[in-house]
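Chemist: Below is a structure I'd like to ask you about.
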Amino acid sequence: MASKTAGFSLVETLIATLILGLVFISTFTLLSNVVRGQSTTMAQVALDSQANLIGQSLLRACETATFIEVPTVDAPNITTLRVWENINPMADDGNPSMHSAIVPGPVAFSHFCVDNQQLFLYQGSSYPAPQISCGGSPPGGVSRIRLSGGLPGQTMSSSFIRSSNSGVFFTYKISVPESIQGPGASVSRETAVNLQGSLE
């Protein structure tokens, strides 16, 4: 009598392969969505951190500022802000280029500017301020910090509006478009600051 060998039939093998394939596809899809969600969160956190750094830098510069040099009141929206610490806003002898220190001691400036989708902060302590080329190397005695930008595809738009002698309104948007390397993200902020650090 011939013995019967136990094994899988072709139909059973096909069904098992199909079920295993569905499990692999489901697992891959789930992991892909988790990784994509984590990448989106990380991109958003990075942009939020940049936006917070910008807001804190603006507030810190204006906390002790006594004079806004640029922009002028009711000037069109521009991408430059320069504030001074310990400079009298009333020019000596009516000459706007001859401001003096309020109290004996050092003066300091903070110069914010946008160039090539990047926001820079230049700081120095000579009056008047040296010529600054936004994005370029800082002149002697001036430090430069890039507050935002520099990531592939990242865009930065901003404007400074001066509505009064002591107030500046700053609006900015930072974004990174979706690409093969990762998901897109964006953040927009508005900050209104008065000299001596009072927020509107």
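Each chain of the structure tokens is named A, B, ... in the order shown, its residues numbered from 1; ligands are numbered from 1 in display order.
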Taking a cut-off of 12 Å and counting only C-alpha atoms, can you build a table that, for each residue of range 6-56 of chain A near range 105-123 of chain A, reports the nearest atom pair and how far apart they are in Å (one decimal), sorted by chain then residue number, as a Markdown table?

Modeler:
| residue | atom | partner | partner_atom | distance |
| --- | --- | --- | --- | --- |
| A:Gln50 | CA | A:Leu119 | CA | 10.1 |
| A:Ala51 | CA | A:Leu119 | CA | 10.7 |
| A:Leu53 | CA | A:Leu119 | CA | 10.9 |
| A:Ile54 | CA | A:Leu119 | CA | 8.5 |
| A:Gly55 | CA | A:Phe112 | CA | 11.7 |

Chemist: Contacts of range 56-61 of chain A at 8 Å or less, counting only C-alpha atoms, minus same-chain residues fewer than 3 places along, as a JSON list (two decimals) with C-alpha atoms, in the first residue's frame?

Modeler:
[["chain", "number", "residue", "atom", "x", "y", "z"],
["A", 52, "ASN", "CA", 10.91, 81.72, 18.57],
["A", 53, "LEU", "CA", 14.56, 82.72, 18.20],
["A", 64, "THR", "CA", 16.98, 98.44, 26.11],
["A", 65, "ALA", "CA", 16.68, 100.36, 22.82],
["A", 83, "VAL", "CA", 17.67, 99.97, 16.86],
["A", 110, "SER", "CA", 21.13, 95.75, 16.59],
["A", 193, "VAL", "CA", 7.33, 95.75, 20.01],
["A", 197, "GLY", "CA", 10.55, 96.13, 25.70]]

Chemist: List every residue of chain A that DSSP, applied to the backbone of this structure, assigns to strand (DSSP E or B), and report them as a ChimeraX atom specification.

Modeler: /A:65-70,78,80-85,87,101,108-115,118-124,143-148,155-161,167-176,185-194,199

Chemist: If you count only C-alpha atoms, which residues fall within 9 Å of Pro89 in chain A, apart from same-chain ones fewer than 3 positions away, as an MDAnalysis selection string?

Modeler: chainID A and resid 66:69 99:100 102

Chemist: With N, CA and C atoms retained, could you export that selection as a PDB file, in the first residue's frame?

Modeler:
ATOM      1  N   THR A  66      16.711 102.758  22.731  1.00  0.00           N
ATOM      2  CA  THR A  66      16.204 104.110  22.971  1.00  0.00           C
ATOM      3  C   THR A  66      15.923 104.848  21.677  1.00  0.00           C
ATOM      4  N   PHE A  67      16.329 104.276  20.536  1.00  0.00           N
ATOM      5  CA  PHE A  67      16.210 104.975  19.255  1.00  0.00           C
ATOM      6  C   PHE A  67      16.057 103.965  18.131  1.00  0.00           C
ATOM      7  N   ILE A  68      15.057 104.184  17.264  1.00  0.00           N
ATOM      8  CA  ILE A  68      14.878 103.374  16.057  1.00  0.00           C
ATOM      9  C   ILE A  68      15.416 104.199  14.894  1.00  0.00           C
ATOM     10  N   GLU A  69      16.462 103.720  14.270  1.00  0.00           N
ATOM     11  CA  GLU A  69      17.038 104.441  13.128  1.00  0.00           C
ATOM     12  C   GLU A  69      16.338 104.075  11.822  1.00  0.00           C
ATOM     13  N   HIS A  99      23.447 112.182  16.541  1.00  0.00           N
ATOM     14  CA  HIS A  99      22.820 111.789  17.791  1.00  0.00           C
ATOM     15  C   HIS A  99      23.913 111.567  18.838  1.00  0.00           C
ATOM     16  N   SER A 100      23.582 111.736  20.102  1.00  0.00           N
ATOM     17  CA  SER A 100      24.573 111.546  21.155  1.00  0.00           C
ATOM     18  C   SER A 100      24.070 110.522  22.161  1.00  0.00           C
ATOM     19  N   ILE A 102      22.789 109.093  25.638  1.00  0.00           N
ATOM     20  CA  ILE A 102      21.913 109.643  26.677  1.00  0.00           C
ATOM     21  C   ILE A 102      22.686 109.782  27.973  1.00  0.00           C
TER      22      ILE A 102
END

Chemist: Give me, please, the distance in Å between CA of Ser166 in chain A and CA of Thr80 in chain A, quoted to one decimal.

Modeler: 15.9 Å

Chemist: Which polymer residues have any atom within 10 Å of an atom of Thr40 in chain A, counting only C-alpha atoms, with same-chain residues fewer than 3 positions away left out, as a list of chain:residue names?

Modeler: A:Val34, A:Val35, A:Arg36, A:Gly37, A:Ala43, A:Gln44, A:Val45, A:Ala46, A:Glu178, A:Gly182, A:Pro183, A:Gly184, A:Ala185

Chemist: Keeping only N, CA and C atoms, take the residues you just selected and write them out as a tab-separated table (two decimals), in the first residue's frame.

Modeler:
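Below is the file that was written, selection_36.tsv:
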chain	number	residue	atom	x	y	z
A	34	VAL	N	4.20	56.37	10.08
A	34	VAL	CA	4.78	56.80	11.36
A	34	VAL	C	6.02	57.64	11.12
A	35	VAL	N	6.89	57.18	10.22
A	35	VAL	CA	8.12	57.92	9.92
A	35	VAL	C	7.78	59.25	9.28
A	36	ARG	N	6.83	59.29	8.36
A	36	ARG	CA	6.44	60.53	7.70
A	36	ARG	C	5.84	61.51	8.72
A	37	GLY	N	5.01	61.00	9.62
A	37	GLY	CA	4.44	61.86	10.66
A	37	GLY	C	5.51	62.42	11.57
A	43	ALA	N	10.13	68.77	11.30
A	43	ALA	CA	10.26	69.96	10.47
A	43	ALA	C	9.51	71.13	11.09
A	44	GLN	N	8.32	70.87	11.62
A	44	GLN	CA	7.54	71.94	12.25
A	44	GLN	C	8.23	72.46	13.51
A	45	VAL	N	8.79	71.55	14.29
A	45	VAL	CA	9.49	71.95	15.52
A	45	VAL	C	10.71	72.80	15.17
A	46	ALA	N	11.44	72.43	14.12
A	46	ALA	CA	12.62	73.20	13.71
A	46	ALA	C	12.22	74.62	13.30
A	178	GLU	N	7.50	70.73	0.61
A	178	GLU	CA	7.59	69.27	0.63
A	178	GLU	C	8.54	68.83	-0.48
A	182	GLY	N	11.77	65.13	2.54
A	182	GLY	CA	10.87	65.20	3.69
A	182	GLY	C	9.64	66.04	3.42
A	183	PRO	N	8.77	66.10	4.40
A	183	PRO	CA	7.51	66.84	4.26
A	183	PRO	C	7.74	68.35	4.38
A	184	GLY	N	6.76	69.10	3.94
A	184	GLY	CA	6.82	70.55	4.06
A	184	GLY	C	6.26	71.02	5.39
A	185	ALA	N	6.61	72.25	5.74
A	185	ALA	CA	6.12	72.85	6.98
A	185	ALA	C	6.24	74.36	6.84

Chemist: Grab the CA of Thr191 in chain A to CA of Pro139 in chain A distance for me, in Å with one decimal place.

Modeler: 28.6 Å

Chemist: Which residue is closest to Val187 in chain A? Choose from A:Ile174, A:Ala16, A:Leu22, A:Val168 and count only C-alpha atoms.

Modeler: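 Among the listed residues, the smallest separation from Val187 in chain A belongs to A:Ile174.
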
Chemist: Measuring atom to atom with only C-alpha atoms, identify which of A:Leu81, A:Leu14, A:Gly21, A:Ala192 is nearest to Phe170 in chain A.

Modeler: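 Among A:Leu81, A:Leu14, A:Gly21, A:Ala192, it is A:Ala192 that comes nearest to Phe170 in chain A.
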
Chemist: Could you list, as a list in words, every residue within 9 Å of Thr155 in chain A, counting only C-alpha atoms and ignoring same-chain residues fewer than 2 positions away?

Modeler: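 Selected residues are Asn116, Gln117, Gln118, Gly149, Gly150, Leu151, Pro152, Gly153, Ser157, Lys173, Ile174, Ser175, Val176 and Pro177 of chain A.
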
Chemist: Run DSSP on the backbone and give me the residues of range 1-101 of chain A it puts in alpha helix (DSSP H), as JSON, numbers by chain.

Modeler: {"A": [10, 11, 12, 13, 14, 15, 16, 17, 18, 19, 20, 21, 22, 23, 24, 25, 26, 27, 28, 29, 30, 31, 32, 33, 34, 35, 36, 37, 38, 39, 40, 41, 42, 43, 44, 45, 46, 47, 48, 49, 50, 51, 52, 53, 54, 55, 56, 57, 58, 59, 60, 61, 62, 63]}

Chemist: Please save C-alpha atoms of the selected residues as an mmCIF file, in the first residue's frame.

Modeler:
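As a result, again.cif now contains:
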data_model
loop_
_atom_site.group_PDB
_atom_site.id
_atom_site.type_symbol
_atom_site.label_atom_id
_atom_site.label_comp_id
_atom_site.auth_asym_id
_atom_site.auth_seq_id
_atom_site.Cartn_x
_atom_site.Cartn_y
_atom_site.Cartn_z
ATOM 1 C CA LEU A 10 -0.901 24.596 -4.220
ATOM 2 C CA VAL A 11 -4.051 26.462 -3.142
ATOM 3 C CA GLU A 12 -2.962 26.465 0.518
ATOM 4 C CA THR A 13 0.494 27.776 -0.441
ATOM 5 C CA LEU A 14 -1.017 30.580 -2.550
ATOM 6 C CA ILE A 15 -3.383 31.602 0.266
ATOM 7 C CA ALA A 16 -0.525 31.612 2.824
ATOM 8 C CA THR A 17 1.652 33.703 0.457
ATOM 9 C CA LEU A 18 -1.196 36.157 -0.110
ATOM 10 C CA ILE A 19 -1.836 36.567 3.630
ATOM 11 C CA LEU A 20 1.884 37.015 4.337
ATOM 12 C CA GLY A 21 2.113 39.620 1.537
ATOM 13 C CA LEU A 22 -0.843 41.555 2.982
ATOM 14 C CA VAL A 23 0.782 41.544 6.433
ATOM 15 C CA PHE A 24 4.068 42.879 4.967
ATOM 16 C CA ILE A 25 2.274 45.583 2.969
ATOM 17 C CA SER A 26 0.232 46.670 6.005
ATOM 18 C CA THR A 27 3.332 46.753 8.216
ATOM 19 C CA PHE A 28 5.308 48.772 5.637
ATOM 20 C CA THR A 29 2.441 51.249 5.172
ATOM 21 C CA LEU A 30 2.060 51.702 8.918
ATOM 22 C CA LEU A 31 5.808 52.241 9.449
ATOM 23 C CA SER A 32 5.982 54.610 6.475
ATOM 24 C CA ASN A 33 3.147 56.728 7.903
ATOM 25 C CA VAL A 34 4.776 56.797 11.360
ATOM 26 C CA VAL A 35 8.125 57.917 9.920
ATOM 27 C CA ARG A 36 6.439 60.531 7.700
ATOM 28 C CA GLY A 37 4.439 61.858 10.655
ATOM 29 C CA GLN A 38 7.587 62.058 12.757
ATOM 30 C CA SER A 39 9.419 63.915 9.936
ATOM 31 C CA THR A 40 6.547 66.396 9.666
ATOM 32 C CA THR A 41 6.652 67.011 13.411
ATOM 33 C CA MET A 42 10.431 67.465 13.380
ATOM 34 C CA ALA A 43 10.259 69.959 10.468
ATOM 35 C CA GLN A 44 7.543 71.941 12.246
ATOM 36 C CA VAL A 45 9.494 71.946 15.518
ATOM 37 C CA ALA A 46 12.618 73.203 13.709
ATOM 38 C CA LEU A 47 10.684 76.081 12.111
ATOM 39 C CA ASP A 48 8.945 76.905 15.407
ATOM 40 C CA SER A 49 12.368 77.077 17.073
ATOM 41 C CA GLN A 50 13.604 79.504 14.420
ATOM 42 C CA ALA A 51 10.468 81.636 14.775
ATOM 43 C CA ASN A 52 10.909 81.722 18.572
ATOM 44 C CA LEU A 53 14.562 82.722 18.196
ATOM 45 C CA ILE A 54 13.565 85.585 15.899
ATOM 46 C CA GLY A 55 10.881 86.834 18.303
ATOM 47 C CA GLN A 56 13.203 86.606 21.317
ATOM 48 C CA SER A 57 16.003 88.400 19.455
ATOM 49 C CA LEU A 58 13.657 91.229 18.469
ATOM 50 C CA LEU A 59 12.350 91.594 22.002
ATOM 51 C CA ARG A 60 15.849 91.473 23.517
ATOM 52 C CA ALA A 61 17.105 94.149 21.092
ATOM 53 C CA CYS A 62 14.156 96.429 21.861
ATOM 54 C CA GLU A 63 14.191 95.928 25.654
#
